[in-house]
Amino acid sequence: MEPWQSWLVVIAMAIGTFAIRWSVLGTSASRAFGPHVERALTLVLPAIFSAIAIPMLILGDGAPTLHDNGPKVLAALVTLASALIRRGYLLPLILGMLTLHATQWVLRL
């Protein structure tokens with residue numbers, strides 16, 4: 001496949017996915033959603049993040065394992081605890097990253 005063909009595929013996919021999303025969200029912008037739908041939409045981002053983060057925590061080399069994932073699990077627990085204590089995303093994110101890097105640094109010593 002030539003490079004221009006690859007770019008053509010990427011552009012076509014971008015336009016296609018945008019059209020699919022817009023057909024649902026763009027056409028319903030003038031309508032009000034019910035409270036159950038509003039509540040469900042607020043849970044989409046945490047669900048997506050969990051779907052991305054959990055496999056990275058428990059999978060190592062393709063097989064489920066917690067071996068050598070201690071710093072990641074500890075950082076995830078610190079992030080979760082700080083998110084439950086204080087609303088917002090910046091402080092839990094910073095605390096989780098600091099915990100991960102500090103734990104990895106200490107274990108290298």
# chains A, B, ... in the order shown; residues from 1 in each chain; ligands from 1

$ select_by_dssp --residues "stretch 22-105 of chain A" --states "strand (DSSP E or B)" --output "ChimeraX atom specification"
/A:59-60,63-64

$ write_last_selection --atoms "C-alpha atoms" --output "PDB file, in the first residue's frame"
ATOM      1  CA  LEU A  59      -1.925  -8.124  32.347  1.00  0.00           C
ATOM      2  CA  GLY A  60       1.774  -8.723  31.985  1.00  0.00           C
ATOM      3  CA  ALA A  63      -1.254 -13.413  30.758  1.00  0.00           C
ATOM      4  CA  PRO A  64      -3.139 -12.229  33.859  1.00  0.00           C
TER       5      PRO A  64
END

$ closest_atom_pairs --of "stretch 24-58 of chain A" --to "stretch 79-83 of chain A" --cutoff "12 Å" --atoms "only C-alpha atoms" --output "tab-separated table"
residue	atom	partner	partner_atom	distance
A:Pro46	CA	A:Leu80	CA	11.5
A:Ser50	CA	A:Leu80	CA	11.2
A:Ala53	CA	A:Thr79	CA	11.9

$ write_last_selection --atoms "C-alpha atoms" --output "mmCIF file, in the first residue's frame"
data_model
loop_
_atom_site.group_PDB
_atom_site.id
_atom_site.type_symbol
_atom_site.label_atom_id
_atom_site.label_comp_id
_atom_site.auth_asym_id
_atom_site.auth_seq_id
_atom_site.Cartn_x
_atom_site.Cartn_y
_atom_site.Cartn_z
ATOM 1 C CA PRO A 46 -14.974 6.620 33.809
ATOM 2 C CA SER A 50 -11.460 1.747 33.421
ATOM 3 C CA ALA A 53 -6.506 1.070 32.693
#

$ atom_distance --atom1 "atom CA of A:Ile52" --atom2 "atom CA of A:Gln5"
29.8 Å

$ residues_around --residues "A:Leu95" --least-positions-apart "2" --cutoff "10 Å" --atoms "only C-alpha atoms" --output "ChimeraX atom specification"
/A:75-76,78-80,82-83,90-93,97-100

$ select_by_dssp --residues "chain A" --states "alpha helix (DSSP H)" --output "mmCIF file with N, CA and C atoms, in the first residue's frame"
data_model
loop_
_atom_site.group_PDB
_atom_site.id
_atom_site.type_symbol
_atom_site.label_atom_id
_atom_site.label_comp_id
_atom_site.auth_asym_id
_atom_site.auth_seq_id
_atom_site.Cartn_x
_atom_site.Cartn_y
_atom_site.Cartn_z
ATOM 1 N N PRO A 3 1.918 5.195 0.581
ATOM 2 C CA PRO A 3 1.633 6.105 1.701
ATOM 3 C C PRO A 3 0.386 6.956 1.485
ATOM 4 N N TRP A 4 0.157 7.413 0.256
ATOM 5 C CA TRP A 4 -1.027 8.241 0.026
ATOM 6 C C TRP A 4 -2.300 7.436 0.215
ATOM 7 N N GLN A 5 -2.237 6.135 -0.076
ATOM 8 C CA GLN A 5 -3.412 5.287 0.137
ATOM 9 C C GLN A 5 -3.681 5.104 1.624
ATOM 10 N N SER A 6 -2.623 4.986 2.401
ATOM 11 C CA SER A 6 -2.784 4.874 3.853
ATOM 12 C C SER A 6 -3.439 6.123 4.416
ATOM 13 N N TRP A 7 -2.975 7.286 3.971
ATOM 14 C CA TRP A 7 -3.574 8.532 4.432
ATOM 15 C C TRP A 7 -5.024 8.647 3.978
ATOM 16 N N LEU A 8 -5.318 8.168 2.803
ATOM 17 C CA LEU A 8 -6.689 8.198 2.310
ATOM 18 C C LEU A 8 -7.598 7.340 3.198
ATOM 19 N N VAL A 9 -7.106 6.192 3.617
ATOM 20 C CA VAL A 9 -7.872 5.324 4.518
ATOM 21 C C VAL A 9 -8.094 6.016 5.863
ATOM 22 N N VAL A 10 -7.055 6.631 6.413
ATOM 23 C CA VAL A 10 -7.181 7.326 7.701
ATOM 24 C C VAL A 10 -8.190 8.464 7.598
ATOM 25 N N ILE A 11 -8.110 9.251 6.545
ATOM 26 C CA ILE A 11 -9.040 10.368 6.366
ATOM 27 C C ILE A 11 -10.470 9.863 6.186
ATOM 28 N N ALA A 12 -10.651 8.814 5.410
ATOM 29 C CA ALA A 12 -11.988 8.251 5.210
ATOM 30 C C ALA A 12 -12.563 7.712 6.523
ATOM 31 N N MET A 13 -11.712 7.065 7.311
ATOM 32 C CA MET A 13 -12.185 6.555 8.604
ATOM 33 C C MET A 13 -12.544 7.695 9.551
ATOM 34 N N ALA A 14 -11.751 8.770 9.542
ATOM 35 C CA ALA A 14 -12.054 9.923 10.393
ATOM 36 C C ALA A 14 -13.388 10.544 10.005
ATOM 37 N N ILE A 15 -13.603 10.714 8.717
ATOM 38 C CA ILE A 15 -14.876 11.289 8.248
ATOM 39 C C ILE A 15 -16.037 10.358 8.593
ATOM 40 N N GLY A 16 -15.843 9.069 8.402
ATOM 41 C CA GLY A 16 -16.902 8.108 8.714
ATOM 42 C C GLY A 16 -17.271 8.071 10.182
ATOM 43 N N THR A 17 -16.268 8.038 11.060
ATOM 44 C CA THR A 17 -16.576 7.994 12.493
ATOM 45 C C THR A 17 -17.187 9.309 12.960
ATOM 46 N N PHE A 18 -16.724 10.431 12.392
ATOM 47 C CA PHE A 18 -17.336 11.713 12.730
ATOM 48 C C PHE A 18 -18.801 11.727 12.302
ATOM 49 N N ALA A 19 -19.091 11.239 11.123
ATOM 50 C CA ALA A 19 -20.474 11.229 10.631
ATOM 51 C C ALA A 19 -21.365 10.358 11.506
ATOM 52 N N ILE A 20 -20.842 9.230 11.950
ATOM 53 C CA ILE A 20 -21.637 8.361 12.819
ATOM 54 C C ILE A 20 -21.940 9.056 14.141
ATOM 55 N N ARG A 21 -20.919 9.663 14.748
ATOM 56 C CA ARG A 21 -21.134 10.356 16.030
ATOM 57 C C ARG A 21 -22.060 11.545 15.852
ATOM 58 N N TRP A 22 -21.859 12.316 14.797
ATOM 59 C CA TRP A 22 -22.683 13.495 14.593
ATOM 60 C C TRP A 22 -24.132 13.122 14.322
ATOM 61 N N SER A 23 -24.360 12.004 13.646
ATOM 62 C CA SER A 23 -25.731 11.603 13.343
ATOM 63 C C SER A 23 -26.537 11.343 14.606
ATOM 64 N N VAL A 24 -25.864 10.947 15.676
ATOM 65 C CA VAL A 24 -26.563 10.713 16.943
ATOM 66 C C VAL A 24 -26.538 11.957 17.815
ATOM 67 N N LEU A 25 -25.370 12.513 18.029
ATOM 68 C CA LEU A 25 -25.229 13.626 18.964
ATOM 69 C C LEU A 25 -25.577 14.973 18.345
ATOM 70 N N PRO A 35 -33.341 12.374 32.790
ATOM 71 C CA PRO A 35 -32.335 12.299 33.863
ATOM 72 C C PRO A 35 -31.545 10.989 33.857
ATOM 73 N N HIS A 36 -32.186 9.897 33.440
ATOM 74 C CA HIS A 36 -31.470 8.619 33.401
ATOM 75 C C HIS A 36 -30.392 8.619 32.311
ATOM 76 N N VAL A 37 -30.700 9.221 31.175
ATOM 77 C CA VAL A 37 -29.724 9.299 30.091
ATOM 78 C C VAL A 37 -28.588 10.237 30.482
ATOM 79 N N GLU A 38 -28.908 11.369 31.127
ATOM 80 C CA GLU A 38 -27.878 12.300 31.584
ATOM 81 C C GLU A 38 -26.936 11.615 32.570
ATOM 82 N N ARG A 39 -27.495 10.845 33.481
ATOM 83 C CA ARG A 39 -26.672 10.123 34.459
ATOM 84 C C ARG A 39 -25.792 9.090 33.761
ATOM 85 N N ALA A 40 -26.349 8.389 32.794
ATOM 86 C CA ALA A 40 -25.570 7.388 32.065
ATOM 87 C C ALA A 40 -24.430 8.034 31.289
ATOM 88 N N LEU A 41 -24.682 9.193 30.705
ATOM 89 C CA LEU A 41 -23.642 9.875 29.941
ATOM 90 C C LEU A 41 -22.499 10.357 30.827
ATOM 91 N N THR A 42 -22.777 10.672 32.095
ATOM 92 C CA THR A 42 -21.705 11.085 32.999
ATOM 93 C C THR A 42 -20.808 9.912 33.364
ATOM 94 N N VAL A 44 -19.846 7.539 31.172
ATOM 95 C CA VAL A 44 -19.150 7.026 29.992
ATOM 96 C C VAL A 44 -17.637 7.193 30.123
ATOM 97 N N LEU A 45 -17.176 8.368 30.513
ATOM 98 C CA LEU A 45 -15.736 8.612 30.615
ATOM 99 C C LEU A 45 -15.069 7.704 31.650
ATOM 100 N N PRO A 46 -15.605 7.563 32.878
ATOM 101 C CA PRO A 46 -14.974 6.620 33.809
ATOM 102 C C PRO A 46 -14.989 5.180 33.304
ATOM 103 N N ALA A 47 -16.036 4.796 32.586
ATOM 104 C CA ALA A 47 -16.094 3.430 32.052
ATOM 105 C C ALA A 47 -15.026 3.207 30.994
ATOM 106 N N ILE A 48 -14.823 4.179 30.131
ATOM 107 C CA ILE A 48 -13.795 4.058 29.097
ATOM 108 C C ILE A 48 -12.412 4.011 29.734
ATOM 109 N N PHE A 49 -12.182 4.891 30.705
ATOM 110 C CA PHE A 49 -10.882 4.907 31.378
ATOM 111 C C PHE A 49 -10.616 3.587 32.091
ATOM 112 N N SER A 50 -11.625 3.037 32.748
ATOM 113 C CA SER A 50 -11.460 1.747 33.421
ATOM 114 C C SER A 50 -11.156 0.638 32.426
ATOM 115 N N ALA A 51 -11.827 0.673 31.296
ATOM 116 C CA ALA A 51 -11.592 -0.358 30.279
ATOM 117 C C ALA A 51 -10.172 -0.290 29.730
ATOM 118 N N ILE A 52 -9.578 0.890 29.735
ATOM 119 C CA ILE A 52 -8.201 1.030 29.266
ATOM 120 C C ILE A 52 -7.212 0.707 30.380
ATOM 121 N N ALA A 53 -7.483 1.166 31.600
ATOM 122 C CA ALA A 53 -6.506 1.070 32.693
ATOM 123 C C ALA A 53 -6.439 -0.311 33.333
ATOM 124 N N ILE A 54 -7.557 -0.971 33.546
ATOM 125 C CA ILE A 54 -7.564 -2.252 34.265
ATOM 126 C C ILE A 54 -6.728 -3.317 33.558
ATOM 127 N N PRO A 55 -6.847 -3.508 32.251
ATOM 128 C CA PRO A 55 -5.978 -4.513 31.615
ATOM 129 C C PRO A 55 -4.487 -4.200 31.759
ATOM 130 N N MET A 56 -4.132 -2.906 31.756
ATOM 131 C CA MET A 56 -2.723 -2.563 31.931
ATOM 132 C C MET A 56 -2.241 -2.891 33.329
ATOM 133 N N LEU A 57 -3.149 -2.912 34.293
ATOM 134 C CA LEU A 57 -2.764 -3.225 35.671
ATOM 135 C C LEU A 57 -2.560 -4.716 35.896
ATOM 136 N N ILE A 58 -3.410 -5.530 35.307
ATOM 137 C CA ILE A 58 -3.371 -6.955 35.645
ATOM 138 C C ILE A 58 -2.753 -7.843 34.583
ATOM 139 N N GLY A 70 3.280 -4.355 41.036
ATOM 140 C CA GLY A 70 3.031 -3.745 42.337
ATOM 141 C C GLY A 70 2.980 -2.231 42.299
ATOM 142 N N PRO A 71 3.962 -1.556 41.671
ATOM 143 C CA PRO A 71 3.890 -0.089 41.619
ATOM 144 C C PRO A 71 2.644 0.429 40.900
ATOM 145 N N LYS A 72 2.241 -0.248 39.843
ATOM 146 C CA LYS A 72 1.038 0.180 39.117
ATOM 147 C C LYS A 72 -0.210 0.016 39.973
ATOM 148 N N VAL A 73 -0.299 -1.115 40.666
ATOM 149 C CA VAL A 73 -1.473 -1.368 41.501
ATOM 150 C C VAL A 73 -1.520 -0.375 42.657
ATOM 151 N N LEU A 74 -0.369 -0.123 43.289
ATOM 152 C CA LEU A 74 -0.317 0.848 44.382
ATOM 153 C C LEU A 74 -0.722 2.233 43.885
ATOM 154 N N ALA A 75 -0.207 2.647 42.734
ATOM 155 C CA ALA A 75 -0.569 3.949 42.175
ATOM 156 C C ALA A 75 -2.058 4.014 41.849
ATOM 157 N N ALA A 76 -2.615 2.930 41.343
ATOM 158 C CA ALA A 76 -4.047 2.906 41.040
ATOM 159 C C ALA A 76 -4.876 3.027 42.315
ATOM 160 N N LEU A 77 -4.449 2.364 43.383
ATOM 161 C CA LEU A 77 -5.180 2.454 44.645
ATOM 162 C C LEU A 77 -5.098 3.858 45.250
ATOM 163 N N VAL A 78 -3.927 4.476 45.165
ATOM 164 C CA VAL A 78 -3.786 5.854 45.650
ATOM 165 C C VAL A 78 -4.656 6.800 44.831
ATOM 166 N N THR A 79 -4.666 6.613 43.534
ATOM 167 C CA THR A 79 -5.498 7.443 42.662
ATOM 168 C C THR A 79 -6.970 7.263 42.985
ATOM 169 N N LEU A 80 -7.394 6.022 43.151
ATOM 170 C CA LEU A 80 -8.790 5.748 43.482
ATOM 171 C C LEU A 80 -9.174 6.361 44.817
ATOM 172 N N ALA A 81 -8.318 6.182 45.833
ATOM 173 C CA ALA A 81 -8.623 6.726 47.159
ATOM 174 C C ALA A 81 -8.712 8.246 47.128
ATOM 175 N N SER A 82 -7.779 8.884 46.436
ATOM 176 C CA SER A 82 -7.817 10.349 46.387
ATOM 177 C C SER A 82 -8.999 10.848 45.557
ATOM 178 N N ALA A 83 -9.408 10.096 44.554
ATOM 179 C CA ALA A 83 -10.580 10.492 43.760
ATOM 180 C C ALA A 83 -11.860 10.345 44.563
ATOM 181 N N LEU A 84 -11.915 9.348 45.426
ATOM 182 C CA LEU A 84 -13.112 9.169 46.247
ATOM 183 C C LEU A 84 -13.194 10.212 47.359
ATOM 184 N N ILE A 85 -12.040 10.659 47.841
ATOM 185 C CA ILE A 85 -12.024 11.649 48.919
ATOM 186 C C ILE A 85 -12.345 13.036 48.392
ATOM 187 N N LEU A 90 -7.599 16.346 38.645
ATOM 188 C CA LEU A 90 -6.202 16.745 38.592
ATOM 189 C C LEU A 90 -5.405 16.223 39.785
ATOM 190 N N LEU A 91 -5.910 16.394 40.999
ATOM 191 C CA LEU A 91 -5.182 15.922 42.182
ATOM 192 C C LEU A 91 -5.007 14.408 42.183
ATOM 193 N N PRO A 92 -6.050 13.606 41.938
ATOM 194 C CA PRO A 92 -5.824 12.154 41.868
ATOM 195 C C PRO A 92 -4.830 11.755 40.785
ATOM 196 N N LEU A 93 -4.876 12.435 39.655
ATOM 197 C CA LEU A 93 -3.944 12.140 38.568
ATOM 198 C C LEU A 93 -2.508 12.414 38.994
ATOM 199 N N ILE A 94 -2.276 13.557 39.611
ATOM 200 C CA ILE A 94 -0.925 13.915 40.055
ATOM 201 C C ILE A 94 -0.451 12.966 41.146
ATOM 202 N N LEU A 95 -1.307 12.675 42.120
ATOM 203 C CA LEU A 95 -0.914 11.765 43.196
ATOM 204 C C LEU A 95 -0.624 10.363 42.674
ATOM 205 N N GLY A 96 -1.408 9.902 41.729
ATOM 206 C CA GLY A 96 -1.168 8.589 41.155
ATOM 207 C C GLY A 96 0.139 8.518 40.394
ATOM 208 N N MET A 97 0.421 9.557 39.607
ATOM 209 C CA MET A 97 1.684 9.575 38.863
ATOM 210 C C MET A 97 2.878 9.662 39.809
ATOM 211 N N LEU A 98 2.773 10.511 40.832
ATOM 212 C CA LEU A 98 3.863 10.613 41.805
ATOM 213 C C LEU A 98 4.085 9.295 42.529
ATOM 214 N N THR A 99 3.003 8.630 42.910
ATOM 215 C CA THR A 99 3.122 7.339 43.578
ATOM 216 C C THR A 99 3.784 6.308 42.680
ATOM 217 N N LEU A 100 3.368 6.255 41.435
ATOM 218 C CA LEU A 100 3.947 5.293 40.497
ATOM 219 C C LEU A 100 5.441 5.525 40.320
ATOM 220 N N HIS A 101 5.821 6.755 40.039
ATOM 221 C CA HIS A 101 7.231 7.029 39.778
ATOM 222 C C HIS A 101 8.076 6.909 41.036
ATOM 223 N N ALA A 102 7.551 7.327 42.180
ATOM 224 C CA ALA A 102 8.304 7.201 43.432
ATOM 225 C C ALA A 102 8.489 5.731 43.800
ATOM 226 N N THR A 103 7.465 4.928 43.631
ATOM 227 C CA THR A 103 7.568 3.497 43.940
ATOM 228 C C THR A 103 8.557 2.804 43.010
ATOM 229 N N GLN A 104 8.506 3.132 41.749
ATOM 230 C CA GLN A 104 9.459 2.532 40.808
ATOM 231 C C GLN A 104 10.875 2.976 41.123
ATOM 232 N N TRP A 105 11.066 4.228 41.536
ATOM 233 C CA TRP A 105 12.390 4.725 41.879
ATOM 234 C C TRP A 105 12.915 4.023 43.121
ATOM 235 N N VAL A 106 12.060 3.869 44.137
ATOM 236 C CA VAL A 106 12.487 3.204 45.383
ATOM 237 C C VAL A 106 12.832 1.738 45.128
ATOM 238 N N LEU A 107 12.076 1.064 44.294
ATOM 239 C CA LEU A 107 12.347 -0.344 44.034
ATOM 240 C C LEU A 107 13.601 -0.560 43.194
ATOM 241 N N ARG A 108 14.064 0.461 42.501
ATOM 242 C CA ARG A 108 15.319 0.344 41.737
ATOM 243 C C ARG A 108 16.532 0.459 42.627
#
